[in-house]
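Novice: My structure is in work_37.cif, and what it holds is mmCIF, C-alpha atoms:
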```
data_final
#
loop_
_atom_site.label_atom_id
_atom_site.label_comp_id
_atom_site.auth_asym_id
_atom_site.auth_seq_id
_atom_site.Cartn_x
_atom_site.Cartn_y
_atom_site.Cartn_z
CA MET A 225 -29.69 7.57 -28.76
CA ARG A 226 -30.56 5.48 -25.73
CA ARG A 227 -30.35 2.29 -27.78
CA LEU A 228 -26.92 3.36 -29.09
CA VAL A 229 -25.65 3.82 -25.53
CA ILE A 230 -27.19 0.60 -24.22
CA TYR A 231 -25.65 -1.52 -26.98
CA GLY A 232 -22.64 0.59 -27.99
CA VAL A 233 -21.01 1.00 -24.58
CA PRO A 234 -20.77 -2.75 -23.87
CA ALA A 235 -19.54 -3.42 -27.42
CA LEU A 236 -16.80 -0.79 -27.15
CA THR A 237 -15.91 -1.96 -23.65
CA ILE A 238 -15.55 -5.56 -24.78
CA ALA A 239 -13.44 -4.46 -27.75
CA ALA A 240 -11.18 -2.41 -25.44
CA ILE A 241 -10.85 -5.31 -22.99
CA VAL A 242 -9.89 -7.73 -25.76
CA PHE A 243 -7.37 -5.24 -27.15
CA LEU A 244 -5.82 -4.56 -23.74
CA TYR A 245 -5.78 -8.23 -22.82
CA PHE A 246 -3.42 -8.97 -25.67
CA THR A 247 -1.39 -5.74 -25.64
CA ALA A 248 -1.19 -4.71 -21.96
CA ASP A 249 2.30 -6.19 -21.51
CA ASN A 250 3.65 -4.22 -24.46
CA ILE A 251 1.91 -1.01 -23.42
CA ALA A 252 3.26 -1.28 -19.86
CA GLN A 253 6.81 -1.55 -21.16
CA ILE A 254 6.66 1.70 -23.13
CA LEU A 255 4.93 3.80 -20.47
CA PRO A 256 7.23 6.10 -18.52
CA GLN A 257 7.76 5.60 -14.80
CA CYS A 258 5.67 7.72 -12.45
CA ILE A 259 7.39 11.09 -12.03
CA VAL A 260 5.96 11.54 -8.53
CA LEU A 261 7.26 8.16 -7.36
CA LYS A 262 10.57 8.73 -9.10
CA THR A 263 11.19 12.16 -7.53
CA THR A 264 9.58 11.86 -4.10
CA GLY A 265 9.47 8.14 -3.39
CA PHE A 266 5.75 8.41 -2.61
CA TYR A 267 2.95 6.69 -4.52
CA CYS A 268 0.56 8.98 -6.34
CA PRO A 269 -3.14 8.06 -6.80
CA GLY A 270 -2.34 6.66 -10.24
CA CYS A 271 0.54 4.43 -9.15
CA GLY A 272 -0.29 0.80 -9.73
CA ALA A 273 -3.09 1.53 -12.21
CA THR A 274 -1.40 -0.25 -15.11
CA ARG A 275 -0.66 -3.28 -12.96
CA ALA A 276 -4.24 -3.22 -11.63
CA VAL A 277 -5.71 -3.21 -15.15
CA HIS A 278 -3.39 -6.03 -16.21
CA ALA A 279 -4.31 -8.11 -13.15
CA ALA A 280 -8.05 -7.51 -13.61
CA LEU A 281 -7.88 -8.46 -17.29
CA HIS A 282 -6.31 -11.76 -16.34
CA GLY A 283 -8.93 -12.52 -13.68
CA ARG A 284 -6.80 -11.64 -10.65
CA PHE A 285 -9.26 -9.19 -9.08
CA ILE A 286 -7.85 -9.32 -5.54
CA MET A 287 -4.42 -8.46 -6.91
CA ALA A 288 -5.96 -5.59 -8.91
CA VAL A 289 -7.47 -4.15 -5.73
CA ARG A 290 -4.11 -4.47 -4.01
CA TYR A 291 -2.38 -2.56 -6.79
CA ASN A 292 -4.83 0.36 -6.94
CA LEU A 293 -8.04 0.42 -4.93
CA GLY A 294 -9.27 3.67 -6.43
CA LEU A 295 -9.14 2.42 -10.00
CA CYS A 296 -11.12 -0.68 -9.03
CA ALA A 297 -13.69 1.45 -7.21
CA LEU A 298 -13.98 3.68 -10.28
CA GLY A 299 -14.58 0.62 -12.44
CA VAL A 300 -17.38 -0.58 -10.17
CA ILE A 301 -18.95 2.89 -10.14
CA CYS A 302 -18.82 3.03 -13.96
CA ILE A 303 -20.51 -0.37 -14.23
CA LEU A 304 -23.21 0.61 -11.75
CA THR A 305 -23.79 3.93 -13.53
CA TYR A 306 -24.23 2.10 -16.83
CA LEU A 307 -26.66 -0.36 -15.22
CA GLU A 308 -28.66 2.52 -13.75
CA TYR A 309 -28.99 4.03 -17.21
CA ALA A 310 -29.75 0.75 -18.96
CA LEU A 311 -32.23 -0.53 -16.40
CA GLY A 312 -33.77 2.81 -15.47
CA LYS A 313 -33.42 2.07 -11.75
CA LYS A 314 -31.42 3.85 -9.07
CA ILE A 315 -28.56 1.72 -7.79
CA LEU A 316 -25.93 4.16 -6.54
CA PRO A 317 -26.55 6.20 -3.39
CA ARG A 318 -27.81 9.75 -3.93
CA ASN A 319 -26.85 11.00 -0.47
CA PRO A 320 -23.97 13.49 -0.80
CA TYR A 321 -22.59 12.41 2.58
CA PHE A 322 -21.97 8.93 1.18
CA TRP A 323 -19.83 10.39 -1.61
CA ILE A 324 -18.00 12.70 0.80
CA VAL A 325 -17.15 9.77 3.08
CA PHE A 326 -16.20 7.69 0.03
CA GLY A 327 -13.86 10.44 -1.18
CA ILE A 328 -12.29 10.86 2.26
CA ALA A 329 -11.77 7.09 2.54
CA LEU A 330 -10.03 6.99 -0.84
CA PHE A 331 -7.89 9.98 0.11
CA LEU A 332 -6.87 8.29 3.36
CA TYR A 333 -6.07 5.10 1.48
CA TYR A 334 -3.79 6.98 -0.90
CA VAL A 335 -2.01 8.73 1.95
CA LEU A 336 -1.72 5.69 4.22
CA ARG A 337 -0.44 3.35 1.54
CA ASN A 338 2.75 5.41 1.50
CA PHE A 339 3.38 4.84 5.20
CA ILE A 340 1.80 1.50 6.05
CA GLU A 341 2.32 -1.75 4.18
CA LEU A 342 -1.36 -2.63 3.74
CA PHE A 343 -0.94 -5.85 1.81
#
```
Produce structure tokens that represent the structure in this file.
Specialist:
Amino acid sequence: MRRLVIYGVPALTIAAIVFLYFTADNIAQILPQCIVLKTTGFYCPGCGATRAVHAALHGRFIMAVRYNLGLCALGVICILTYLEYALGKKILPRNPYFWIVFGIALFLYYVLRNFIELF
């Protein structure tokens, strides 16, 4: 099972990246607009995720972070979690206070990006 995860996850990830690289423009056109943004005028935590994925797939990582910081942070956490499993070494912090502060920082980012032009 471990071997399946170690080799299967990267293979599926690469396949998904290749698929999205060539189809992201078409997928973005058929997705509905954010209902929260449309009704309230405020960005929800998911706003900008499609643009962030598209930018990251085309090598524009700074632009991806500008579109949606939380999605980029989640991607980094997923990569580090996979590396922890594959290498058998602890990489991510285990202190719950780190994750509480991380969650609060993301929450503040999502709230403040509606009121302050960050980028």
Novice: Applying 9 Å and only C-alpha atoms, which residues near region 314-330 of chain A remain after dropping the ones on its own chain fewer than 5 positions away? List them as a list in words.
Specialist: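 Answer for this query is Leu293, Gly294, Ile301, Leu304, Thr305, Leu307, Glu308, Tyr309 and Val335 of chain A.
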Novice: Ranking A:Asn338, A:Asn292, A:Thr274, A:Thr237 by minimum distance to Ile254 (chain A) and counting only C-alpha atoms, which one comes first?
Specialist: A:Thr274
Novice: So the first atom is CA of Tyr231 (chain A) and the second is CA of Leu281 (chain A); what is the distance between them in Å, to one decimal place?
Specialist: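 Answer for the CA of Tyr231 (chain A) to CA of Leu281 (chain A) separation: 21.4 Å.
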Novice: I'd like the residues picked by the PyMOL selection byres ((chain A and resi 284-288) around 12) written out as a list in words, using the chain letters and numbers from the file.
Specialist: Cys271, Gly272, Ala273, Thr274, Arg275, Ala276, Val277, His278, Ala279, Ala280, Leu281, His282, Gly283, Val289, Arg290, Tyr291, Asn292, Leu293, Gly294, Leu295, Cys296, Ala297, Gly299, Val300 and Phe343 of chain A
Novice: Which is closest to Val229 (chain A) among A:Val242, A:Ile303, A:Ala310, A:Ile259, if we use only C-alpha atoms?
Specialist: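 Going through A:Val242, A:Ile303, A:Ala310, A:Ile259 one by one, the smallest distance to Val229 (chain A) is for A:Ala310.
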Novice: CA of Tyr333 (chain A) to CA of Ala240 (chain A): how many Å, to one decimal?
Specialist: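 That distance, rounded to one decimal, is 28.4 Å.
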Novice: CA of Phe339 (chain A) and CA of Thr264 (chain A), how far apart in Å?
Specialist: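 Computing it gives 13.2 Å between the two atoms.
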